[in-house]
Structures are given as C-alpha cells and as structure tokens.
file model02.txt (compact mmCIF, C-alpha atoms)
# COMPACT_ATOMS: atom_id res chain seq x y z
CA MET W 30 0.00 0.00 0.00
CA GLN W 31 2.98 2.25 0.37
CA GLU W 32 3.48 2.93 -3.33
CA GLN W 33 -0.05 3.95 -4.24
CA MET W 34 -0.44 7.63 -4.82
CA LEU W 35 -4.15 8.09 -4.14
CA PRO W 36 -4.22 6.87 -0.53
CA ARG W 37 -1.07 8.81 0.25
CA VAL W 38 -2.44 12.09 -1.06
CA VAL W 39 -5.86 11.61 0.52
CA CYS W 40 -4.29 10.63 3.84
CA LYS W 41 -2.05 13.67 3.85
CA MET W 42 -4.98 15.92 3.00
CA LEU W 43 -7.31 14.47 5.61
CA PHE W 44 -4.78 14.10 8.40
CA PRO W 45 -4.88 17.69 9.74
CA PHE W 46 -8.67 17.78 9.65
CA ILE W 47 -8.99 14.54 11.59
CA ILE W 48 -6.50 15.83 14.15
CA VAL W 49 -8.33 19.14 14.55
CA PHE W 50 -11.66 17.34 14.95
CA ALA W 51 -10.17 14.98 17.53
CA LEU W 52 -8.71 17.86 19.50
CA TYR W 53 -12.06 19.66 19.27
CA VAL W 54 -13.84 16.63 20.69
CA ILE W 55 -11.32 16.30 23.53
CA THR W 56 -11.20 19.98 24.46
CA HIS W 57 -14.98 20.30 24.39
CA GLY W 58 -15.34 17.10 26.37
CA GLU W 59 -17.18 18.73 29.26
CA LEU W 60 -19.61 20.54 26.93
CA GLY W 61 -20.60 18.13 24.19
CA PRO W 62 -21.56 14.50 23.83
CA GLY W 63 -17.96 13.58 23.08
CA GLY W 64 -15.10 13.47 25.50
CA GLY W 65 -11.65 12.13 26.11
CA PHE W 66 -12.44 8.61 25.01
CA GLN W 67 -14.08 9.45 21.70
CA GLY W 68 -11.58 12.20 20.91
CA GLY W 69 -8.66 9.97 21.82
CA VAL W 70 -9.96 7.23 19.56
CA ILE W 71 -10.36 9.67 16.65
CA LEU W 72 -6.88 11.04 17.28
CA ALA W 73 -5.45 7.52 17.27
CA ALA W 74 -7.41 6.66 14.12
CA ALA W 75 -5.68 9.53 12.30
CA PHE W 76 -2.26 8.19 13.24
CA ILE W 77 -3.23 4.60 12.49
CA VAL W 78 -4.42 5.53 9.00
CA TYR W 79 -1.11 7.29 8.57
CA GLY W 80 0.70 4.15 9.72
CA LEU W 81 -1.39 1.97 7.40
CA ILE W 82 -0.49 4.00 4.35
CA PHE W 83 3.07 5.08 5.08
CA GLY W 84 4.11 2.01 7.05
CA ALA W 85 4.39 1.32 10.76
CA ASP W 86 8.08 2.21 10.76
CA GLU W 87 7.33 5.69 9.45
CA LEU W 88 4.63 6.06 12.11
CA LYS W 89 7.15 4.99 14.76
CA ARG W 90 9.59 7.58 13.45
CA ARG W 91 6.96 10.31 13.74
CA VAL W 92 5.47 9.13 17.01
CA PRO W 93 8.23 7.27 18.88
CA PRO W 94 7.14 4.49 21.24
CA ALA W 95 8.74 6.40 24.10
CA VAL W 96 6.25 9.25 23.53
CA THR W 97 3.19 7.00 23.46
CA ASP W 98 4.43 5.13 26.52
CA ALA W 99 4.90 8.37 28.41
CA LEU W 100 1.50 9.75 27.34
CA MET W 101 -0.18 6.47 28.19
CA ALA W 102 0.96 6.72 31.80
CA GLY W 103 0.75 10.52 31.85
CA GLY W 104 -2.96 10.48 31.03
CA VAL W 105 -3.80 8.28 33.99
CA LEU W 106 -1.47 10.37 36.14
CA LEU W 107 -3.24 13.56 35.03
CA TYR W 108 -6.59 12.04 35.96
CA ALA W 109 -5.43 10.74 39.32
CA GLY W 110 -3.42 13.92 39.89
CA THR W 111 -6.56 16.03 39.46
CA GLY W 112 -8.23 13.91 42.09
CA LEU W 113 -5.20 14.19 44.34
CA ALA W 114 -5.10 17.97 43.90
CA THR W 115 -8.70 18.28 45.05
CA LEU W 116 -7.84 16.01 47.97
CA LEU W 117 -4.91 18.25 48.94
CA LEU W 118 -7.11 21.34 48.60
CA GLY W 119 -9.35 19.97 51.30
CA GLY W 120 -12.13 18.28 49.37
CA ASN W 121 -12.99 14.72 48.52
CA PHE W 122 -11.18 12.80 45.83
CA LEU W 123 -12.22 14.25 42.41
CA ASP W 124 -14.26 16.95 44.12
CA TYR W 125 -13.65 19.46 41.35
CA SER W 126 -15.28 22.42 43.06
CA ARG W 127 -12.23 22.68 45.34
CA LEU W 128 -10.09 23.78 42.41
CA ASN W 129 -11.75 27.19 42.51
CA PRO W 130 -13.96 27.52 45.58
CA GLY W 131 -15.13 30.98 44.51
CA ASN W 132 -16.81 29.65 41.39
CA PRO W 133 -17.54 25.94 41.72
CA GLY W 134 -19.24 25.73 38.35
CA ASP W 135 -16.13 26.86 36.53
CA ALA W 136 -13.99 24.71 38.81
CA GLU W 137 -16.01 21.67 37.87
CA ALA W 138 -15.61 22.50 34.19
CA LEU W 139 -11.87 22.89 34.73
CA GLY W 140 -11.58 19.61 36.58
CA MET W 141 -13.62 17.74 33.99
CA THR W 142 -11.54 19.28 31.22
CA LEU W 143 -8.32 18.08 32.86
CA VAL W 144 -9.80 14.66 33.36
CA GLU W 145 -10.89 14.47 29.73
CA TYR W 146 -7.39 15.45 28.61
CA GLY W 147 -6.04 12.59 30.69
CA VAL W 148 -8.48 10.09 29.21
CA GLY W 149 -7.72 11.35 25.70
CA CYS W 150 -3.95 10.98 26.16
CA THR W 151 -4.25 7.45 27.50
CA VAL W 152 -6.76 6.21 24.94
CA ALA W 153 -4.94 7.68 21.95
CA SER W 154 -1.57 6.32 23.10
CA VAL W 155 -2.93 2.84 23.81
CA MET W 156 -4.65 2.67 20.42
CA ILE W 157 -1.50 3.79 18.60
CA THR W 158 0.54 1.27 20.60
CA LEU W 159 -2.01 -1.40 19.73
CA PHE W 160 -1.49 -0.76 16.04
CA THR W 161 2.31 -0.50 16.15
CA GLN W 162 2.71 -3.60 18.31
CA ILE W 163 0.37 -5.73 16.23
CA THR W 164 1.99 -4.76 12.95
CA GLU W 165 5.42 -5.26 14.50
CA GLY W 166 4.48 -8.72 15.66
CA ALA W 167 3.20 -9.59 12.20
CA SER W 168 6.31 -8.47 10.34
CA GLY W 169 9.11 -10.96 9.81
CA THR W 170 12.10 -11.43 12.07
CA GLY W 171 14.43 -10.02 9.44
CA SER W 172 13.01 -6.52 9.61
CA ALA W 173 13.00 -6.67 13.39
CA GLU W 174 16.68 -7.58 13.25
CA THR W 175 17.52 -4.51 11.18
CA ARG W 176 15.58 -1.96 13.15
CA SER W 177 15.77 -3.20 16.72
CA PRO W 178 19.27 -1.88 17.68
CA LEU W 179 18.63 1.69 16.62
CA GLN W 180 14.95 2.16 17.22
CA GLU W 181 14.61 0.54 20.59
CA ALA W 182 17.66 2.13 22.14
CA PRO W 183 15.98 5.12 23.84
CA ARG W 184 13.19 3.02 25.25
CA ARG W 185 15.67 0.57 26.73
CA LYS W 186 17.44 3.37 28.57
CA GLU W 187 14.34 4.42 30.42
CA ALA W 188 13.41 0.85 31.26
CA MET H 287 -43.64 10.07 15.96
CA SER H 288 -44.51 7.89 13.02
CA ALA H 289 -41.77 9.46 10.91
CA VAL H 290 -39.26 8.53 13.60
CA LEU H 291 -40.69 5.04 13.69
CA ILE H 292 -40.43 4.66 9.91
CA LEU H 293 -36.85 5.87 10.01
CA ASP H 294 -36.09 3.44 12.81
CA VAL H 295 -37.56 0.51 10.91
CA ILE H 296 -35.62 1.41 7.76
CA LEU H 297 -32.38 1.76 9.72
CA LEU H 298 -32.88 -1.47 11.63
CA VAL H 299 -33.62 -3.39 8.42
CA LEU H 300 -30.41 -1.99 6.95
CA VAL H 301 -28.55 -2.96 10.12
CA LEU H 302 -29.88 -6.50 9.81
CA VAL H 303 -28.88 -6.67 6.13
CA ALA H 304 -25.40 -5.39 6.97
CA ALA H 305 -24.99 -7.90 9.81
CA VAL H 306 -26.01 -10.83 7.61
CA ALA H 307 -23.74 -9.57 4.83
CA VAL H 308 -20.73 -9.37 7.17
CA VAL H 309 -21.25 -12.99 8.19
CA GLN H 310 -21.93 -14.28 4.70
CA LEU H 311 -19.28 -12.47 2.67
CA ARG H 312 -16.14 -14.39 1.75
CA SER H 313 -14.16 -11.30 0.81
CA LEU H 314 -12.70 -10.06 4.09
CA PHE H 315 -12.12 -6.58 2.73
CA SER H 316 -15.80 -6.17 1.88
CA ALA H 317 -16.79 -7.66 5.22
CA THR H 318 -14.59 -5.12 7.03
CA ILE H 319 -16.08 -2.19 5.17
CA ILE H 320 -19.62 -3.45 5.70
CA ALA H 321 -18.86 -3.88 9.42
CA GLY H 322 -18.00 -0.17 9.39
CA VAL H 323 -21.27 0.54 7.61
CA TYR H 324 -23.05 -1.50 10.27
CA SER H 325 -21.53 0.67 13.00
CA LEU H 326 -22.44 3.83 11.14
CA LEU H 327 -26.04 2.65 10.81
CA MET H 328 -26.10 1.80 14.51
CA ALA H 329 -24.80 5.29 15.24
CA LEU H 330 -27.74 6.66 13.24
CA VAL H 331 -30.12 4.46 15.23
CA TRP H 332 -28.65 5.76 18.50
CA SER H 333 -28.87 9.37 17.42
CA ASN H 334 -32.43 8.70 16.32
CA MET H 335 -33.02 7.67 19.94
CA HIS H 336 -31.37 10.92 21.14
CA ALA H 337 -28.50 8.96 22.67
CA LEU H 338 -25.90 11.21 21.12
CA ASP H 339 -23.01 10.13 23.31
CA VAL H 340 -23.58 6.48 22.47
CA ALA H 341 -23.90 7.39 18.79
CA PHE H 342 -20.65 9.32 18.97
CA THR H 343 -18.82 6.43 20.61
CA GLU H 344 -20.27 3.96 18.13
CA ALA H 345 -19.15 6.11 15.20
CA ALA H 346 -15.68 6.73 16.62
CA VAL H 347 -14.96 3.22 17.88
CA GLY H 348 -17.09 0.97 15.68
CA ALA H 349 -16.93 2.75 12.36
CA GLY H 350 -13.61 4.49 12.98
CA ILE H 351 -10.91 2.65 14.80
CA SER H 352 -12.25 -0.90 14.54
CA THR H 353 -12.44 -0.60 10.77
CA VAL H 354 -8.97 0.88 10.60
CA LEU H 355 -7.50 -1.79 12.86
CA LEU H 356 -9.22 -4.55 10.89
CA LEU H 357 -7.83 -3.06 7.67
CA GLY H 358 -4.39 -3.08 9.29
CA THR H 359 -4.90 -6.74 10.10
CA LEU H 360 -6.01 -7.46 6.54
CA VAL H 361 -2.72 -6.09 5.23
CA HIS H 362 -0.96 -8.92 7.05
CA THR H 363 -3.46 -11.70 6.43
CA GLY H 364 -5.35 -13.03 3.46
CA ARG H 365 -8.08 -11.21 1.63
CA ILE H 366 -10.45 -14.14 1.17
CA ALA H 367 -11.90 -16.25 3.94
CA LYS H 368 -11.69 -20.00 3.59
CA GLY H 369 -15.16 -21.22 2.79
CA GLY H 370 -16.88 -24.48 3.41
CA GLU H 371 -17.95 -24.13 7.03
CA LYS H 372 -21.18 -25.88 7.71
CA LEU H 373 -23.93 -24.51 9.84
CA HIS H 374 -23.09 -25.36 13.46
CA MET H 375 -26.46 -26.26 14.91
CA PRO H 376 -25.61 -26.11 18.66
CA ALA H 377 -24.04 -22.68 18.20
CA LEU H 378 -27.09 -21.45 16.32
CA LEU H 379 -29.31 -22.85 19.06
CA VAL H 380 -27.31 -21.10 21.79
CA CYS H 381 -27.42 -17.82 19.86
CA LEU H 382 -31.17 -18.07 19.31
CA LEU H 383 -31.81 -18.94 22.96
CA THR H 384 -29.65 -16.08 24.23
CA GLY H 385 -31.23 -13.63 21.83
CA GLY H 386 -34.68 -14.83 22.77
CA ALA H 387 -33.90 -14.46 26.46
CA LEU H 388 -32.60 -10.93 25.92
CA ILE H 389 -35.68 -9.94 23.94
CA TYR H 390 -37.87 -11.53 26.61
CA GLY H 391 -36.02 -9.41 29.17
CA THR H 392 -36.95 -6.21 27.35
CA PHE H 393 -40.66 -6.93 27.92
CA ASP H 394 -40.22 -5.83 31.53
CA MET H 395 -38.58 -2.56 30.57
CA PRO H 396 -40.62 0.65 30.32
CA ARG H 397 -41.54 1.79 26.83
CA PHE H 398 -38.96 3.93 25.06
CA GLY H 399 -39.34 7.59 26.07
CA ASP H 400 -42.00 6.81 28.65
CA PRO H 401 -42.10 9.87 30.93
CA LYS H 402 -43.42 7.70 33.78
CA ALA H 403 -40.41 5.39 33.66
CA PRO H 404 -38.70 5.00 37.06
CA ILE H 405 -35.41 6.37 35.73
CA HIS H 406 -37.02 9.73 34.94
CA ASN H 407 -38.96 10.03 38.18
CA LEU H 408 -36.57 8.58 40.74
CA ARG H 409 -33.00 8.42 39.58
CA VAL H 410 -32.35 11.33 37.22
CA PRO H 411 -33.81 14.12 39.37
CA LYS H 412 -31.70 12.91 42.31
CA MET H 413 -28.59 12.88 40.16
CA LEU H 414 -29.30 16.33 38.77
CA ALA H 415 -30.04 17.74 42.21
CA GLN H 416 -27.15 16.09 44.01
CA ASN H 417 -24.91 18.65 45.64
CA VAL H 418 -22.23 16.50 47.22
CA GLY H 419 -19.26 18.67 47.96
CA LYS H 420 -20.65 21.68 46.15
CA VAL H 421 -20.83 25.12 47.67
CA PRO H 422 -24.41 25.75 48.77
CA GLY H 423 -26.39 28.29 46.81
CA THR H 424 -24.68 27.75 43.46
CA LEU H 425 -26.75 24.78 42.49
CA PRO H 426 -29.79 25.41 40.33
CA LYS H 427 -32.91 24.59 42.24
CA ALA H 428 -34.51 21.42 41.03
CA THR H 429 -38.06 22.66 41.20
CA PRO H 430 -40.99 20.39 40.41
CA GLU H 431 -41.48 22.18 37.06
CA HIS H 432 -37.91 21.39 36.14
CA ARG H 433 -38.44 17.81 37.07
CA ALA H 434 -41.46 17.67 34.84
CA ASP H 435 -39.34 19.16 32.06
CA ALA H 436 -36.64 16.67 32.78
CA ALA H 437 -39.08 13.86 32.41
CA HIS H 438 -40.15 15.11 28.99
CA ASP H 439 -36.97 15.76 27.05
CA ASN H 440 -33.80 13.76 27.21
CA GLU H 441 -31.48 16.72 27.85
CA PRO H 442 -32.74 18.04 31.15
CA ALA H 443 -29.61 20.04 31.99
CA HIS H 444 -30.57 22.72 29.49
CA SER H 445 -33.85 23.39 31.22
CA SER H 446 -32.06 24.22 34.47
CA THR H 447 -29.78 26.77 32.79
CA PRO H 448 -31.38 29.95 31.49
CA ALA H 449 -30.34 30.79 27.96
CA HIS H 450 -29.59 34.42 28.82
CA ALA H 451 -27.27 33.59 31.69
CA HIS H 452 -23.81 35.04 31.94
CA PRO H 453 -21.17 32.71 30.47
CA SER H 454 -19.54 32.23 33.84
CA ASP H 455 -22.86 31.10 35.25
CA ASP H 456 -23.46 28.64 32.46
CA PHE H 457 -22.37 25.61 34.41
CA GLY H 458 -24.15 26.45 37.64
CA GLY H 459 -22.44 23.59 39.39
CA HIS H 460 -22.93 21.21 36.49
CA SER H 461 -21.62 20.64 33.04
CA PRO H 462 -24.32 21.45 30.48
CA ASN H 463 -24.10 17.91 29.14
CA THR H 464 -25.78 15.57 31.56
CA VAL H 465 -24.07 12.42 30.40
CA THR H 466 -20.60 13.92 30.59
CA SER H 467 -21.42 15.43 33.94
CA LEU H 468 -22.46 12.04 35.25
CA LEU H 469 -19.46 10.26 33.77
CA ALA H 470 -16.77 12.71 34.77
CA ALA H 471 -18.11 14.16 38.01
CA TYR H 472 -20.81 11.96 39.51
CA ARG H 473 -19.03 8.75 38.56
CA GLY H 474 -15.51 10.12 38.46
CA PHE H 475 -14.04 7.08 40.21
CA ASP H 476 -15.65 4.78 37.68
CA THR H 477 -14.25 6.70 34.74
CA MET H 478 -10.83 6.91 36.35
CA PHE H 479 -10.60 3.16 36.71
CA GLU H 480 -11.92 2.70 33.18
CA THR H 481 -8.96 4.78 32.08
CA ALA H 482 -6.73 2.67 34.31
CA VAL H 483 -8.10 -0.46 32.61
CA ILE H 484 -7.20 0.95 29.20
CA PHE H 485 -3.77 1.86 30.54
CA THR H 486 -3.34 -1.66 31.93
CA ALA H 487 -4.27 -3.09 28.53
CA GLY H 488 -1.64 -0.87 26.92
CA VAL H 489 0.99 -1.92 29.45
CA GLY H 490 0.15 -5.57 28.88
CA LEU H 491 0.44 -5.01 25.14
CA VAL H 492 3.86 -3.42 25.53
CA LEU H 493 5.11 -6.08 27.93
CA LEU H 494 3.88 -9.04 25.92
CA LEU H 495 4.61 -7.95 22.39
CA ARG H 496 7.57 -5.63 22.70
CA ARG H 497 9.66 -7.87 24.92
CA ARG H 498 9.68 -10.46 22.21
CA ARG H 499 11.34 -8.04 19.81
CA GLU H 500 14.36 -7.54 22.06
CA ASP H 501 15.74 -11.00 21.51
CA PRO H 502 14.79 -12.31 18.09
CA PRO H 503 14.11 -16.04 18.11
CA GLY H 504 17.18 -18.19 17.68
CA THR H 505 19.81 -15.70 18.81
CA ILE H 506 19.64 -15.94 22.59
CA SER H 507 18.30 -18.69 24.76
CA THR H 508 15.36 -17.44 26.79
CA GLY H 509 16.66 -18.93 30.03
CA ASP H 510 19.53 -16.57 30.82
CA ARG H 511 18.96 -13.23 29.27
CA PRO H 512 21.84 -10.77 29.67
CA PRO H 513 21.16 -7.40 31.28
CA PRO H 514 19.52 -4.97 28.86
CA GLN H 515 22.46 -2.58 28.74
CA ASP H 516 24.97 -5.29 27.80
CA HIS H 517 22.56 -6.72 25.31
CA HIS H 518 22.17 -3.36 23.67
CA ALA H 519 25.93 -2.73 23.56
CA THR H 520 26.73 -6.01 21.87
CA LYS H 521 23.97 -5.52 19.35
CA GLY H 522 25.06 -1.98 18.64
CA ASP H 523 28.62 -3.03 17.96
CA THR H 524 27.78 -5.59 15.36
call {"tool": "encode", "arguments": {"input": "model02.txt", "output": "structure tokens"}}
result
Amino acid sequence: MQEQMLPRVVCKMLFPFIIVFALYVITHGELGPGGGFQGGVILAAAFIVYGLIFGADELKRRVPPAVTDALMAGGVLLYAGTGLATLLLGGNFLDYSRLNPGNPGDAEALGMTLVEYGVGCTVASVMITLFTQITEGASGTGSAETRSPLQEAPRRKEA
Amino acid sequence: MSAVLILDVILLVLVLVAAVAVVQLRSLFSATIIAGVYSLLMALVWSNMHALDVAFTEAAVGAGISTVLLLGTLVHTGRIAKGGEKLHMPALLVCLLTGGALIYGTFDMPRFGDPKAPIHNLRVPKMLAQNVGKVPGTLPKATPEHRADAAHDNEPAHSSTPAHAHPSDDFGGHSPNTVTSLLAAYRGFDTMFETAVIFTAGVGLVLLLRRRREDPPGTISTGDRPPPQDHHATKGDT
C-alpha cells in the first residue's frame, strides 16, 4: 500500500482535519456529547491511518514508542493527579469544586476538562501502541533484526 | 412520531442486512467495510433515539478505529476467507436462545421515552439535584417544574440553565451535558478506573509484544537473558 499515490495524497490531506476534529472533541469534552475517550480514539485513528499507508516504521519515526508510553501513563497520572489535587485542597477525591472555591461551576468545568485530557492521552496512546505492536508482531524477524538496535535504544534506557 | 418510527424501521432493516452480509461475505475486505457501515447505521439508530453520546462512541470506535485496525490486520493476512464451514447447529441454538432471552427481558422494561419510567422520576432528578461537595447556593434549584421538564426531554440540563445567563454562570455547578457530567463528576471514580483499565491493557500489550522483539528467536536462549544494557551494547557493535 505504500506505493499507491491516491491513498497517500488523501491521507495527507485528511490528516490535519482529523487531528483538529479529535482535539475539538477532547477539548470540548465537558460541553458536548464527546469526551476524552471518543476524541482519543479519533486522534489515534488519524495516526493509524497514517501508519497503514506510510508504514508502521514511518509512524514509529513520527510518534516514537517512548512518547506513546509516556502519554499512556501521563494520562492516567493527570486524571489521578486532578483527584489528588482536590484532595490536597481539602475536598474529597475528584471533588472538582475545590479547584476554585469561589466559582464551583467553573472549577467543575476545569476539573472535567483536565480529566478528559487525561483520558484522551491514554486512549490515543494505547490505540497507537495497539497498532504498532500488532503490525510489529506480524512483520518478519528479518526486519526486526535490522531496526531493533537503533529504534529501541531510547526506550531501553528508560526501562 | 410515526416518521421517527419509519426511520427506525428502515435503519434497523439496513442494520440487519449489513450484519447478515458481514457474516456471509467471503471477501474479508468487503466484510470489514460493511462492518464499518453497520456501526455507522447503529450510530444513526442511537442518534435517532437521542442517545448522542452512544452514537458518537459507536461512530468513533465501531466505524472508525475498529475498521482501521481490521484493515491493518487485513494487510498482514489473506483477503479471502476460507469457505466451506457448515452450519453449526448447537451454536445457532445457543445464539437463538440467548437472543430470545434478551428480547424476553426487554418486555419488563418501560416503553422507550415513557415519561413515567422510574429512571425519569426517581433516579435522574436525584442525580441532577445532588450537591455532594458543592458550595451551597450555586446549584440550580430542582423545582418540580424542572423535574417535569426533565421527564419530557432527554437533555434536562438545558432546562435548568437559562439561555440568557452570563457565560460564567453557564455551568451552575454542572456541566451542560448531563451524560458527561455524570461520567466525569458523579461517577468520576468509575471513569478513572476505566482509564486505568485501558492503561493496563496498553501496558500488557507493551510487555507481551515488545519484549519479544528484544531477543529475536534463535539468537539468545530465553533462560539466561543478559542485562539490557549489555545486550544493547553487543547488538550496537555488530
């Protein structure tokens, strides 16, 4: 699929629009029917289509596994950290109104926005990892031999 | 009412046709695309039922990422399914029994959109009026009129927020979207652990599939693996 012109051009044209829509869904998570999960899935779908057409190696070059790993954990940390912040500010866990006691409505919107960002980060990263890992497992051992020393070096350092 | 019903019937017939086509088709590429069409039709059915959040999720997950992931799988597998499977009678029987039991279970449920359903009279007003941890006085009063409104339309949060309100008052202690408000605030723990489940799935994926890449089969015995740093150095030198 990597040599066909039509999918490549269409993918490159659609990519920014899918990303903008995904970010819209995530950032308006507390207002609309969407949210972190739906937006994260759309965001991941954009990258997975990119990986389908330009190859999983190219996707890994653009979005290194270290980044998705960090975002995967960072999303959950952001969610739990929001809850912890409200706990430290004297409320219950995930009691968003404590973020801004003067205006609890806005504080709740802020807390829910942060939480949706966390969910979006985690979902998008896991979906991208799902695609890269499955395609990596399906490719032959020869290609893994050629790319494993260079590409997996940074991840090994942090492990 | 009848127009909605006609639309529902048309959509459900199309859903049924799509489902049968996915099972019957031998071309896996066509089956994948029709599975996406199925999800899109289901999203239309959900939005026809005013369940916009479910419709959104169905469109994003079912028609979006499932189709894309299945296409990614198709790149690595064959395009045509092996035919010749016979009808498995016990499996068909189990499916029919389960489906029949589920349909039988729906007989006890209130009619769709019934304003007298228990969920509209007991549960939702309590959820909308709950003020756990909120500063008193900022919550919109859940008056009986509002409750009556809430029972009628499926988006009751709008009725509690005046349209001419100042933007900073828009939330009034709640997100304007009831479902999101319930998911992120009322059931914040639940959503947090759902996210943790997704994270755990991702960690399992990385541990199971990426570890295998470090030592390609045949090079190193799995029993005594050298420390990662040494392993990397030797591989980098060659």
call {"tool": "atom_distance", "arguments": {"input": "model02.txt", "atom1": "CA of Ile366 in chain H", "atom2": "CA of Phe315 in chain H"}}
result
7.9 Å
call {"tool": "closest_residue", "arguments": {"input": "model02.txt", "among": "W:Gly149, W:Pro62, W:Pro36, W:Gly103", "to": "chain H", "atoms": "only C-alpha atoms"}}
result
W:Pro62
call {"tool": "closest_residue", "arguments": {"input": "model02.txt", "among": "W:Thr111, W:Ser126, W:Gln33, W:Thr164", "to": "Gly147 in chain W", "atoms": "only C-alpha atoms"}}
result
W:Thr111
call {"tool": "closest_residue", "arguments": {"input": "model02.txt", "among": "W:Leu88, W:Val49, W:Val54, W:Val152", "to": "chain H", "atoms": "only C-alpha atoms"}}
result
W:Val152
call {"tool": "closest_residue", "arguments": {"input": "model02.txt", "among": "W:Thr97, W:Thr161, W:Thr151, W:Thr56", "to": "chain H", "atoms": "all atoms listed in the file"}}
result
W:Thr151
call {"tool": "residues_around", "arguments": {"input": "model02.txt", "residues": "Ile163 in chain W", "least_positions_apart": "4", "cutoff": "12 Å", "atoms": "all atoms listed in the file", "output": "list in words"}}
result
Ile77, Gly80, Leu81, Ala85, Val155, Met156, Ile157, Thr158, Leu159, Ala167 and Ser168 of chain W; Leu355, Leu356, Gly358, Thr359, Leu360, Val361, His362, Gly488, Leu491, Val492, Leu494, Leu495, Arg496 and Arg499 of chain H
call {"tool": "closest_residue", "arguments": {"input": "model02.txt", "among": "H:Ala471, H:Leu293, H:Leu338, H:Leu379", "to": "Asn121 in chain W", "atoms": "all atoms listed in the file"}}
result
H:Ala471
call {"tool": "residues_around", "arguments": {"input": "model02.txt", "residues": "Tyr324 in chain H", "least_positions_apart": "6", "cutoff": "9 Å", "atoms": "all atoms listed in the file", "output": "MDAnalysis selection string"}}
result
chainID H and resid 300:305 308 348:349
call {"tool": "write_last_selection", "arguments": {"input": "model02.txt", "atoms": "C-alpha atoms", "output": "PDB file, keeping the file's coordinate frame"}}
result
ATOM      1  CA  LEU H 300     -30.410  -1.990   6.950  1.00  0.00           C
ATOM      2  CA  VAL H 301     -28.550  -2.960  10.120  1.00  0.00           C
ATOM      3  CA  LEU H 302     -29.880  -6.500   9.810  1.00  0.00           C
ATOM      4  CA  VAL H 303     -28.880  -6.670   6.130  1.00  0.00           C
ATOM      5  CA  ALA H 304     -25.400  -5.390   6.970  1.00  0.00           C
ATOM      6  CA  ALA H 305     -24.990  -7.900   9.810  1.00  0.00           C
ATOM      7  CA  VAL H 308     -20.730  -9.370   7.170  1.00  0.00           C
ATOM      8  CA  GLY H 348     -17.090   0.970  15.680  1.00  0.00           C
ATOM      9  CA  ALA H 349     -16.930   2.750  12.360  1.00  0.00           C
TER      10      ALA H 349
END
call {"tool": "closest_residue", "arguments": {"input": "model02.txt", "among": "W:Tyr146, W:Lys41, W:Val92, W:Ser154", "to": "chain H", "atoms": "all atoms listed in the file"}}
result
W:Ser154
call {"tool": "build_atoms", "arguments": {"input": "model02.txt", "residues": "range 462-473 of chain H", "atoms": "N, CA and C atoms", "output": "CSV table (one decimal), in the coordinates of the input"}}
result
chain,number,residue,atom,x,y,z
H,462,PRO,N,-23.0,21.4,31.2
H,462,PRO,CA,-24.3,21.4,30.5
H,462,PRO,C,-24.7,20.1,29.9
H,463,ASN,N,-23.7,19.2,29.7
H,463,ASN,CA,-24.1,17.9,29.1
H,463,ASN,C,-24.3,16.9,30.3
H,464,THR,N,-25.5,16.4,30.4
H,464,THR,CA,-25.8,15.6,31.6
H,464,THR,C,-24.9,14.3,31.6
H,465,VAL,N,-24.8,13.7,30.4
H,465,VAL,CA,-24.1,12.4,30.4
H,465,VAL,C,-22.6,12.6,30.8
H,466,THR,N,-22.0,13.7,30.2
H,466,THR,CA,-20.6,13.9,30.6
H,466,THR,C,-20.5,14.3,32.1
H,467,SER,N,-21.4,15.1,32.5
H,467,SER,CA,-21.4,15.4,33.9
H,467,SER,C,-21.5,14.2,34.8
H,468,LEU,N,-22.4,13.3,34.5
H,468,LEU,CA,-22.5,12.0,35.2
H,468,LEU,C,-21.2,11.2,35.2
H,469,LEU,N,-20.6,11.1,34.0
H,469,LEU,CA,-19.5,10.3,33.8
H,469,LEU,C,-18.2,10.8,34.4
H,470,ALA,N,-18.0,12.1,34.3
H,470,ALA,CA,-16.8,12.7,34.8
H,470,ALA,C,-16.8,13.2,36.2
H,471,ALA,N,-18.0,13.6,36.7
H,471,ALA,CA,-18.1,14.2,38.0
H,471,ALA,C,-18.8,13.2,39.0
H,472,TYR,N,-20.0,12.8,38.6
H,472,TYR,CA,-20.8,12.0,39.5
H,472,TYR,C,-20.2,10.6,39.7
H,473,ARG,N,-19.7,10.1,38.5
H,473,ARG,CA,-19.0,8.8,38.6
H,473,ARG,C,-17.6,8.9,38.2
